file final18.txt (compact mmCIF, C-alpha atoms)
# COMPACT_ATOMS: atom_id res chain seq x y z
CA LEU A 1 92.93 51.79 60.99
CA SER A 2 89.73 49.78 60.81
CA CYS A 3 86.76 51.41 59.14
CA HIS A 4 83.10 50.47 59.59
CA VAL A 5 80.20 51.92 57.63
CA GLY A 6 76.95 52.01 59.55
CA THR A 7 75.71 55.38 60.81
CA THR A 8 75.74 58.97 59.68
CA SER A 9 77.91 60.09 62.55
CA ALA A 10 81.59 60.80 62.15
CA THR A 11 83.40 59.74 65.30
CA LYS A 12 86.88 61.06 65.83
CA ALA A 13 89.07 58.37 67.28
CA THR A 14 92.08 58.48 69.50
CA LYS A 15 94.96 56.09 68.98
CA ASN A 16 93.97 52.42 68.59
CA ARG A 17 90.24 53.26 68.21
CA GLN A 18 88.04 52.73 65.20
CA ILE A 19 86.87 55.50 62.88
CA THR A 20 83.26 55.40 61.76
CA CYS A 21 82.11 57.63 58.92
CA VAL A 22 79.49 57.34 56.22
CA GLY A 23 81.17 57.58 52.84
CA LEU A 24 84.67 56.66 54.03
CA SER A 25 84.42 53.30 52.30
CA GLN A 26 83.73 55.03 49.00
CA SER A 27 86.13 57.93 49.44
CA LEU A 28 89.06 55.87 50.65
CA GLY A 29 88.21 52.92 48.47
CA ASN A 30 88.38 55.01 45.34
CA GLY A 31 91.36 57.24 45.96
CA ILE A 32 92.67 60.08 48.04
CA MET A 33 89.89 62.65 48.20
CA GLY A 34 89.52 66.09 49.64
CA ALA A 35 87.16 67.26 52.34
CA ARG A 36 84.78 68.71 49.77
CA ARG A 37 84.21 65.32 48.16
CA LEU A 38 83.84 63.63 51.56
CA ARG A 39 81.20 66.16 52.64
CA HIS A 40 79.38 65.48 49.37
CA LEU A 41 79.34 61.74 50.08
CA VAL A 42 78.13 62.18 53.65
CA ALA A 43 75.32 64.51 52.57
CA ARG A 44 74.23 62.25 49.75
CA ASN A 45 74.14 59.12 51.93
CA ARG A 46 72.83 60.53 55.24
CA HIS A 47 69.50 58.68 54.92
CA HIS A 48 70.89 55.35 53.73
CA ALA A 49 71.46 52.26 55.83
CA PHE A 50 74.68 50.36 55.30
CA SER A 51 76.05 47.02 56.33
CA THR A 52 78.16 47.17 59.46
CA ASN A 53 80.70 44.79 58.00
CA ALA A 54 84.25 45.98 58.45
CA PHE A 55 85.70 47.70 55.41
CA LYS A 56 89.40 47.27 54.74
CA ILE A 57 91.08 50.58 54.00
CA PRO A 58 92.96 50.34 50.68
CA ASP A 59 96.72 50.16 50.84
CA LEU A 60 97.08 53.45 48.96
CA PHE A 61 100.77 53.65 49.74
CA ASN A 62 101.76 50.27 48.39
CA GLY A 63 104.45 51.15 45.85
CA ILE A 64 105.51 54.17 47.89
CA GLN A 65 107.15 51.87 50.41
CA GLN A 66 109.10 49.81 47.92
CA GLN A 67 111.04 50.36 44.73
CA LEU A 68 110.55 48.46 41.50
CA GLN A 69 112.92 45.56 41.03
CA PRO A 70 114.97 45.12 37.80
CA GLN A 71 113.20 41.84 36.98
CA GLU A 72 109.86 43.68 36.84
CA ARG A 73 110.92 45.78 33.86
CA LYS A 74 109.65 45.32 30.31
CA LYS A 75 111.44 45.51 26.98
CA LEU A 76 110.66 48.43 24.68
CA GLY A 77 112.88 47.48 21.78
CA LYS A 78 116.27 47.27 23.45
CA LEU A 79 115.29 49.66 26.23
CA SER A 80 114.47 48.43 29.71
CA VAL A 81 111.39 50.27 31.03
CA SER A 82 109.21 50.15 34.13
CA PRO A 83 106.00 48.04 33.88
CA MET A 84 104.02 51.28 34.25
CA GLY A 85 104.93 54.66 32.84
CA ILE A 86 103.45 58.10 33.40
CA GLY A 87 101.49 59.94 30.72
CA THR A 88 101.94 63.71 30.62
CA TRP A 89 99.08 64.84 28.39
CA ALA A 90 97.77 66.98 31.27
CA TRP A 91 101.13 68.75 31.67
CA GLY A 92 100.21 71.52 29.26
CA ASN A 93 96.63 70.82 28.18
CA ARG A 94 94.14 73.47 29.30
CA LEU A 95 91.00 72.43 27.44
CA ILE A 96 90.54 68.96 28.92
CA TRP A 97 92.83 68.94 31.98
CA GLY A 98 92.81 72.58 33.08
CA TYR A 99 96.59 73.04 33.11
CA ASP A 100 98.12 76.31 34.25
CA GLU A 101 101.72 77.14 35.08
CA ASN A 102 101.00 77.32 38.80
CA MET A 103 100.82 73.52 38.67
CA ASP A 104 104.47 73.14 37.67
CA GLU A 105 105.85 72.59 41.18
CA ASP A 106 103.21 69.92 41.82
CA LEU A 107 104.21 68.26 38.55
CA LYS A 108 107.87 68.37 39.59
CA GLU A 109 106.91 66.57 42.80
CA VAL A 110 105.02 63.96 40.77
CA PHE A 111 108.03 63.39 38.55
CA ASP A 112 110.56 63.13 41.40
CA LEU A 113 108.36 60.76 43.39
CA CYS A 114 107.79 58.42 40.45
CA VAL A 115 111.48 58.36 39.55
CA SER A 116 112.40 57.64 43.17
CA LYS A 117 110.21 54.52 43.04
CA GLY A 118 111.68 53.17 39.82
CA VAL A 119 109.34 54.55 37.14
CA ASN A 120 111.55 55.49 34.19
CA LEU A 121 109.14 55.82 31.23
CA PHE A 122 107.45 59.16 30.61
CA ASP A 123 105.20 59.59 27.60
CA THR A 124 104.61 62.97 26.00
CA GLY A 125 103.87 64.60 22.65
CA ASP A 126 104.95 67.67 20.72
CA SER A 127 101.27 68.70 20.56
CA TYR A 128 100.81 68.58 24.36
CA GLY A 129 100.47 72.32 24.83
CA THR A 130 99.61 74.81 22.12
CA GLY A 131 100.03 78.53 21.46
CA ALA A 132 102.10 80.12 24.21
CA LEU A 133 102.29 76.70 25.84
CA GLU A 134 103.55 74.91 22.74
CA ALA A 135 105.07 71.53 23.68
CA GLN A 136 104.91 72.51 27.35
CA SER A 137 104.89 68.89 28.47
CA GLU A 138 108.20 68.19 26.71
CA LYS A 139 109.73 71.36 28.15
CA LEU A 140 108.73 70.43 31.70
CA LEU A 141 110.13 66.93 31.34
CA GLY A 142 113.39 68.36 30.02
CA ARG A 143 113.65 70.68 33.01
CA PHE A 144 112.78 68.02 35.57
CA ILE A 145 115.21 65.49 34.10
CA SER A 146 118.04 68.03 33.96
CA GLU A 147 117.69 68.55 37.71
CA LEU A 148 118.23 64.85 38.49
CA PRO A 149 121.63 63.45 39.49
CA GLU A 150 123.48 62.19 36.41
CA GLY A 151 123.14 58.54 37.40
CA LYS A 152 119.36 58.81 37.60
CA ARG A 153 119.14 60.99 34.51
CA ASN A 154 120.66 58.38 32.24
CA ASP A 155 118.01 55.81 33.14
CA ILE A 156 115.01 57.99 32.22
CA HIS A 157 113.31 57.28 28.90
CA VAL A 158 111.10 59.92 27.31
CA ALA A 159 108.81 58.68 24.55
CA THR A 160 107.32 61.51 22.52
CA LYS A 161 104.54 61.31 19.98
CA LEU A 162 105.19 63.44 16.90
CA ALA A 163 101.98 64.90 15.51
CA THR A 164 101.05 63.81 12.00
CA TYR A 165 100.37 67.34 10.86
CA PRO A 166 99.35 67.82 7.20
CA TRP A 167 102.47 69.90 6.57
CA ARG A 168 104.82 67.13 7.68
CA ILE A 169 105.03 65.53 4.27
CA THR A 170 108.71 64.59 3.96
CA PRO A 171 110.93 62.30 6.04
CA GLY A 172 113.19 65.27 6.82
CA GLN A 173 110.33 67.26 8.34
CA LEU A 174 109.50 64.45 10.76
CA VAL A 175 113.17 64.12 11.70
CA SER A 176 113.36 67.88 12.32
CA ALA A 177 110.33 67.57 14.60
CA ALA A 178 112.08 64.80 16.54
CA GLU A 179 115.23 66.92 16.85
CA ALA A 180 113.15 69.79 18.24
CA SER A 181 111.57 67.45 20.77
CA LYS A 182 115.00 66.16 21.74
CA ALA A 183 116.17 69.72 22.34
CA ARG A 184 113.12 70.52 24.50
CA THR A 185 113.69 67.38 26.57
CA GLN A 186 117.36 68.40 26.92
CA GLY A 187 118.66 65.35 25.10
CA SER A 188 116.56 62.80 26.97
CA LEU A 189 114.44 61.62 24.04
CA SER A 190 114.60 57.82 23.72
CA VAL A 191 111.56 56.92 21.60
CA GLY A 192 110.08 58.74 18.62
CA GLN A 193 106.47 57.78 17.85
CA LEU A 194 103.97 58.73 15.17
CA HIS A 195 101.07 60.22 17.14
CA TRP A 196 98.47 58.93 14.71
CA PRO A 197 98.37 57.38 11.22
CA ALA A 198 97.49 59.45 8.18
CA SER A 199 95.95 56.47 6.38
CA ASN A 200 92.33 57.50 7.09
CA TYR A 201 92.60 60.90 5.41
CA ALA A 202 95.94 61.19 3.54
CA PRO A 203 97.26 57.69 2.77
CA TRP A 204 99.87 59.17 0.45
CA GLN A 205 101.53 60.75 3.50
CA GLU A 206 102.17 57.44 5.27
CA LYS A 207 105.31 56.33 3.43
CA ALA A 208 107.07 59.65 4.06
CA LEU A 209 106.28 59.36 7.78
CA TRP A 210 107.52 55.80 7.93
CA ASP A 211 110.72 56.83 6.15
CA GLY A 212 111.04 59.59 8.73
CA LEU A 213 111.01 56.98 11.51
CA VAL A 214 113.73 55.04 9.69
CA LYS A 215 115.88 58.14 9.26
CA MET A 216 115.56 59.40 12.86
CA ARG A 217 116.55 55.96 14.11
CA ASN A 218 119.47 55.60 11.70
CA ASP A 219 120.67 59.15 12.42
CA GLY A 220 120.70 58.46 16.16
CA VAL A 221 118.10 61.10 16.99
CA VAL A 222 116.19 58.43 18.94
CA LYS A 223 117.06 54.99 20.27
CA GLU A 224 113.78 53.33 19.27
CA VAL A 225 110.75 54.12 17.13
CA GLY A 226 107.08 53.43 17.67
CA VAL A 227 103.59 54.37 16.55
CA SER A 228 100.24 55.16 18.14
CA ASN A 229 96.65 54.40 17.13
CA TYR A 230 97.60 51.69 14.63
CA GLY A 231 95.15 48.81 14.24
CA PRO A 232 96.04 45.13 13.63
CA LYS A 233 96.16 45.29 9.83
CA ASN A 234 98.29 48.41 9.69
CA ILE A 235 100.64 47.43 12.51
CA ARG A 236 101.61 44.37 10.48
CA LYS A 237 102.07 46.55 7.39
CA ILE A 238 104.38 49.09 9.03
CA GLN A 239 106.27 46.38 10.91
CA ARG A 240 107.10 44.63 7.61
CA TYR A 241 108.06 47.93 5.97
CA LEU A 242 110.45 48.94 8.74
CA GLU A 243 111.89 45.44 8.95
CA ASP A 244 112.80 45.62 5.23
CA GLU A 245 114.70 48.83 6.11
CA GLY A 246 116.54 47.08 8.93
CA ILE A 247 114.53 48.74 11.72
CA GLN A 248 112.48 46.99 14.41
CA LEU A 249 109.27 48.74 15.42
CA ALA A 250 109.40 48.91 19.22
CA SER A 251 105.93 49.96 20.36
CA ASN A 252 102.33 50.68 19.44
CA GLN A 253 100.38 52.93 21.77
CA VAL A 254 96.62 52.32 21.77
CA GLN A 255 93.68 53.22 23.97
CA TYR A 256 93.51 50.16 26.20
CA SER A 257 91.39 49.85 29.32
CA LEU A 258 88.49 47.92 30.76
CA LEU A 259 86.27 50.11 28.57
CA SER A 260 88.50 49.77 25.50
CA ARG A 261 89.62 46.16 25.43
CA ARG A 262 91.52 46.19 22.15
CA ASP A 263 92.70 42.59 22.35
CA ASP A 264 92.87 42.51 18.55
CA CYS A 265 95.57 45.19 18.69
CA LYS A 266 97.38 43.47 21.56
CA GLU A 267 97.50 40.15 19.68
CA ALA A 268 98.78 41.78 16.48
CA ASN A 269 101.41 43.71 18.45
CA ASP A 270 102.56 40.51 20.14
CA GLU A 271 102.85 38.74 16.80
CA ALA A 272 104.97 41.60 15.46
CA GLY A 273 107.20 41.69 18.54
CA VAL A 274 105.86 45.15 19.42
CA LEU A 275 105.21 46.33 22.99
CA THR A 276 101.66 47.54 23.66
CA ILE A 277 101.58 50.83 25.56
CA ALA A 278 98.13 51.45 27.04
CA TYR A 279 97.05 55.07 27.00
CA SER A 280 93.99 56.26 28.92
CA PRO A 281 93.96 53.14 31.15
CA LEU A 282 91.49 54.92 33.47
CA CYS A 283 89.23 56.10 30.60
CA LEU A 284 89.88 59.78 31.35
CA GLY A 285 89.18 59.14 35.04
CA LEU A 286 85.84 57.36 34.70
CA LEU A 287 87.30 54.11 36.08
CA THR A 288 88.59 55.79 39.24
CA GLY A 289 85.13 55.62 40.84
CA ARG A 290 85.41 59.26 41.86
CA TYR A 291 82.52 60.39 39.69
CA ASP A 292 78.80 59.78 39.51
CA GLU A 293 75.87 61.53 37.86
CA THR A 294 75.76 64.13 40.64
CA ASN A 295 79.51 64.69 40.72
CA LEU A 296 80.97 65.19 37.26
CA PRO A 297 84.35 66.56 36.06
CA ARG A 298 84.71 70.30 35.58
CA SER A 299 86.00 69.96 32.03
CA PHE A 300 83.11 70.35 29.57
CA VAL A 301 84.42 67.57 27.30
CA ARG A 302 84.83 65.03 30.11
CA ARG A 303 81.57 66.09 31.79
CA GLN A 304 79.53 65.42 28.64
CA LEU A 305 81.32 62.12 28.04
CA PHE A 306 80.74 60.93 31.61
CA LYS A 307 77.05 61.89 31.50
CA ASP A 308 76.66 59.40 28.69
CA LEU A 309 78.96 56.64 29.94
CA LEU A 310 78.31 56.48 33.68
CA PRO A 311 74.74 55.06 33.49
CA LYS A 312 75.85 52.49 30.91
CA THR A 313 78.92 51.17 32.72
CA GLN A 314 77.54 50.36 36.16
CA PRO A 315 78.13 46.57 35.93
CA LEU A 316 81.83 47.19 35.48
CA LEU A 317 82.10 49.94 38.10
CA GLN A 318 80.37 47.73 40.66
CA GLU A 319 82.71 44.81 39.95
CA LEU A 320 85.69 47.14 40.16
CA ARG A 321 84.53 48.30 43.60
CA GLU A 322 84.13 44.74 44.80
CA VAL A 323 87.56 43.64 43.57
CA ALA A 324 89.18 46.80 44.96
CA ASN A 325 87.56 46.32 48.37
CA ALA A 326 88.58 42.65 48.49
CA LYS A 327 92.19 43.50 47.57
CA GLY A 328 92.44 46.56 49.84
CA LYS A 329 93.19 48.65 46.74
CA THR A 330 91.48 51.48 44.91
CA MET A 331 89.49 51.22 41.70
CA SER A 332 92.24 53.13 39.88
CA GLN A 333 94.89 50.71 41.08
CA VAL A 334 92.83 47.70 40.03
CA SER A 335 92.19 49.22 36.59
CA ILE A 336 95.89 49.92 36.02
CA ASN A 337 96.90 46.49 37.33
CA TRP A 338 94.38 44.88 34.95
CA CYS A 339 96.25 46.47 32.02
CA MET A 340 99.54 45.04 33.29
CA ALA A 341 97.90 41.63 33.74
CA LYS A 342 97.10 41.79 30.02
CA GLY A 343 100.78 42.33 29.19
CA CYS A 344 100.56 46.07 28.46
CA VAL A 345 102.55 48.97 29.87
CA PRO A 346 99.91 51.46 31.06
CA ILE A 347 100.70 55.18 31.19
CA PRO A 348 98.19 56.78 33.58
CA GLY A 349 98.44 60.51 34.11
CA ALA A 350 99.16 62.30 37.38
CA LYS A 351 98.81 66.02 38.13
CA ASN A 352 99.62 65.96 41.85
CA ARG A 353 101.27 63.88 44.54
CA ALA A 354 98.03 62.17 45.59
CA GLN A 355 97.43 60.88 42.06
CA ALA A 356 101.05 59.75 41.75
CA VAL A 357 100.82 57.90 45.06
CA GLU A 358 97.68 56.15 43.88
CA ASN A 359 99.23 55.18 40.53
CA LEU A 360 102.29 53.77 42.27
CA GLY A 361 99.98 51.65 44.39
CA ALA A 362 99.11 49.66 41.25
CA LEU A 363 102.63 48.20 41.34
CA GLY A 364 104.06 45.40 43.46
CA TRP A 365 101.08 43.01 43.35
CA LYS A 366 98.96 41.11 40.82
CA LEU A 367 95.29 40.44 40.19
CA SER A 368 94.44 36.74 40.16
CA SER A 369 93.31 35.13 36.91
CA SER A 370 89.79 34.76 38.34
CA GLU A 371 89.67 38.47 39.21
CA VAL A 372 90.80 39.39 35.69
CA GLU A 373 88.10 37.12 34.25
CA ALA A 374 85.44 38.66 36.51
CA LEU A 375 86.40 42.16 35.39
CA ASP A 376 86.35 41.11 31.74
CA ALA A 377 82.90 39.58 32.18
CA ALA A 378 81.59 42.74 33.86
CA ALA A 379 83.03 44.90 31.09
CA SER A 380 81.22 42.75 28.52
CA LYS A 381 77.90 43.56 30.21
CA CYS A 382 78.31 47.32 29.76
CA LYS A 383 76.01 49.04 27.28
CA ALA A 384 78.77 51.36 26.08
CA THR A 385 82.53 51.46 25.66
CA ALA A 386 85.06 54.27 25.50
CA VAL A 387 84.91 56.56 22.48
CA GLN A 388 87.68 55.49 20.14
CA ASN A 389 90.30 57.85 18.75
CA ILE A 390 89.07 59.29 15.46
CA PHE A 391 92.45 58.58 13.82
CA MET A 392 92.64 54.91 14.87
CA ASN A 393 92.97 52.79 11.74
CA SER A 394 92.22 49.16 11.02
call {"tool": "encode", "arguments": {"input": "final18.txt", "output": "structure tokens"}}
result
Amino acid sequence: LSCHVGTTSATKATKNRQITCVGLSQSLGNGIMGARRLRHLVARNRHHAFSTNAFKIPDLFNGIQQQLQPQERKKLGKLSVSPMGIGTWAWGNRLIWGYDENMDEDLKEVFDLCVSKGVNLFDTGDSYGTGALEAQSEKLLGRFISELPEGKRNDIHVATKLATYPWRITPGQLVSAAEASKARTQGSLSVGQLHWPASNYAPWQEKALWDGLVKMRNDGVVKEVGVSNYGPKNIRKIQRYLEDEGIQLASNQVQYSLLSRRDDCKEANDEAGVLTIAYSPLCLGLLTGRYDETNLPRSFVRRQLFKDLLPKTQPLLQELREVANAKGKTMSQVSINWCMAKGCVPIPGAKNRAQAVENLGALGWKLSSSEVEALDAAASKCKATAVQNIFMNS
């Protein structure tokens, strides 16, 4: 299909004809959107004049048509993982992501599709789901993995983040938490990670947690151990501590995106031989281009955050649009690919097939060095960055 933006009319086309529709460039260029969003775009832009230059429809299905090749994988310790994983924070979280159990079949479809295209890293946490939904994300992953053929099942790596709760004060308690996670994931737990450091509020707790990582690795509960939200100084400290115990730290998961360019963490991780896993690579969805000041997320937390960030991040969002349009990709795909260009393994979330398709479209191609530089320069012009995790240490 060839798409031109020029008038407010929407012309249905028969085979081999062009489709003209105000707002298609934005709706298709920034992801797979529903009719409600398209109507919103048409209404908002009905009085605007646009260039009649042809707009290339993004190749949303790139990655759906091909499977990841073995040489594209990354090393997480001794594990071989896909260059992009899937984050499952939304698979149980009601407050921010609006989860309910009616979504489970959609989530199963997301999981099966990603696995079929070579994605084998799924990140979760024992705090993803509370109350009646305690650890729901882990439970769903365990169920979905158990339904795979055995050959596929053995190649899936679940990395869970174990919450640094105040009552987890002995190595044995952290190991017990890992064993519970392993049971919920039906034996598929590969990586045990500390969800956040205790150094900012209970530094005395840190050594017990680190010893817990050593013990769960030595006892064979997990294959590799990692951490999350550790800054450069502390990643070096824990890496040396574990090394003295004969354990290699495999990963450090930090908020890493065009609005959270933690190159200091990436450099320290590289020096320590630790893989950087990039969580929130789309900044909670802000970098998808789907939202503006008249169209905000339903979640109260995200809505308030976006109200503040959207006006301050326009230089970056505009550059993202331009790069995405030039590449025939979406803003989400460019944002995820940027993380991979930096040497990270991003773990974007997906709640439905459309989001999974779009994430997969970030694979199988690369941004040029000049495009990466242009995005970095645009990010530097923004008047605000992503809010950092309160537990992130130095």
call {"tool": "atom_distance", "arguments": {"input": "final18.txt", "atom1": "CA of Glu267 (chain A)", "atom2": "CA of Leu79 (chain A)"}}
result
21.2 Å
call {"tool": "closest_atom_pairs", "arguments": {"input": "final18.txt", "of": "region 254-288 of chain A", "to": "region 318-336 of chain A", "cutoff": "9 Å", "atoms": "only C-alpha atoms", "output": "Markdown table"}}
result
| residue | atom | partner | partner_atom | distance |
| --- | --- | --- | --- | --- |
| A:Ser257 | CA | A:Ser335 | CA | 7.3 |
| A:Leu258 | CA | A:Ser335 | CA | 7.0 |
| A:Pro281 | CA | A:Ile336 | CA | 6.1 |
| A:Leu282 | CA | A:Ser335 | CA | 6.5 |
| A:Gly285 | CA | A:Ser332 | CA | 8.3 |
| A:Leu287 | CA | A:Ser332 | CA | 6.3 |
| A:Thr288 | CA | A:Ser332 | CA | 4.6 |
call {"tool": "residues_around", "arguments": {"input": "final18.txt", "residues": "Gly226 (chain A)", "least_positions_apart": "5", "cutoff": "8 Å", "atoms": "all atoms listed in the file", "output": "list in words"}}
result
Val191, Gly192, Gln193, Leu194, Leu249, Ala250, Ser251, Asn252 and Gln253 of chain A
call {"tool": "closest_residue", "arguments": {"input": "final18.txt", "among": "A:Thr294, A:Gln355, A:Asn337, A:Asn393", "to": "Glu371 (chain A)", "atoms": "all atoms listed in the file"}}
result
A:Asn337
call {"tool": "residues_around", "arguments": {"input": "final18.txt", "residues": "Met392 (chain A)", "least_positions_apart": "5", "cutoff": "10 Å", "atoms": "all atoms listed in the file", "output": "ChimeraX atom specification"}}
result
/A:196-200,228-231,254-255
call {"tool": "write_last_selection", "arguments": {"input": "final18.txt", "atoms": "C-alpha atoms", "output": "compact mmCIF listing (two decimals), in the frame of the given file"}}
result
# COMPACT_ATOMS: atom_id res chain seq x y z
CA TRP A 196 98.47 58.93 14.71
CA PRO A 197 98.37 57.38 11.22
CA ALA A 198 97.49 59.45 8.18
CA SER A 199 95.95 56.47 6.38
CA ASN A 200 92.33 57.50 7.09
CA SER A 228 100.24 55.16 18.14
CA ASN A 229 96.65 54.40 17.13
CA TYR A 230 97.60 51.69 14.63
CA GLY A 231 95.15 48.81 14.24
CA VAL A 254 96.62 52.32 21.77
CA GLN A 255 93.68 53.22 23.97
call {"tool": "closest_residue", "arguments": {"input": "final18.txt", "among": "A:Glu101, A:Asp211, A:Glu373, A:Glu358", "to": "Val175 (chain A)", "atoms": "all atoms listed in the file"}}
result
A:Asp211
call {"tool": "closest_residue", "arguments": {"input": "final18.txt", "among": "A:Ala163, A:Ala386, A:Val227, A:Ala356", "to": "Leu107 (chain A)", "atoms": "all atoms listed in the file"}}
result
A:Ala356
call {"tool": "atom_distance", "arguments": {"input": "final18.txt", "atom1": "CA of Leu113 (chain A)", "atom2": "CA of Val345 (chain A)"}}
result
18.9 Å
call {"tool": "residues_around", "arguments": {"input": "final18.txt", "residues": "Leu316 (chain A)", "least_positions_apart": "5", "cutoff": "10 Å", "atoms": "all atoms listed in the file", "output": "PyMOL selection string"}}
result
chain A and resi 258-259+287+321-322+374-382
call {"tool": "residues_near_point", "arguments": {"input": "final18.txt", "point": "(100.5, 42.2, 29.9)", "cutoff": "10 Å", "atoms": "all atoms listed in the file", "output": "list in words"}}
result
Lys74, Pro83, Lys266, Leu275, Thr276, Ile277, Ala278, Asn337, Trp338, Cys339, Met340, Ala341, Lys342, Gly343, Cys344, Val345 and Pro346 of chain A
call {"tool": "closest_residue", "arguments": {"input": "final18.txt", "among": "A:Phe144, A:Phe111, A:Tyr128, A:Tyr279", "to": "Trp91 (chain A)", "atoms": "all atoms listed in the file"}}
result
A:Tyr128
call {"tool": "closest_residue", "arguments": {"input": "final18.txt", "among": "A:Tyr291, A:Ser280, A:Ser80, A:Leu174", "to": "Asp155 (chain A)", "atoms": "all atoms listed in the file"}}
result
A:Ser80
call {"tool": "atom_distance", "arguments": {"input": "final18.txt", "atom1": "CA of Gly125 (chain A)", "atom2": "CA of Lys182 (chain A)"}}
result
11.3 Å
call {"tool": "closest_residue", "arguments": {"input": "final18.txt", "among": "A:Pro203, A:Gly220, A:Gly87, A:Pro315", "to": "Asn234 (chain A)", "atoms": "only C-alpha atoms"}}
result
A:Pro203
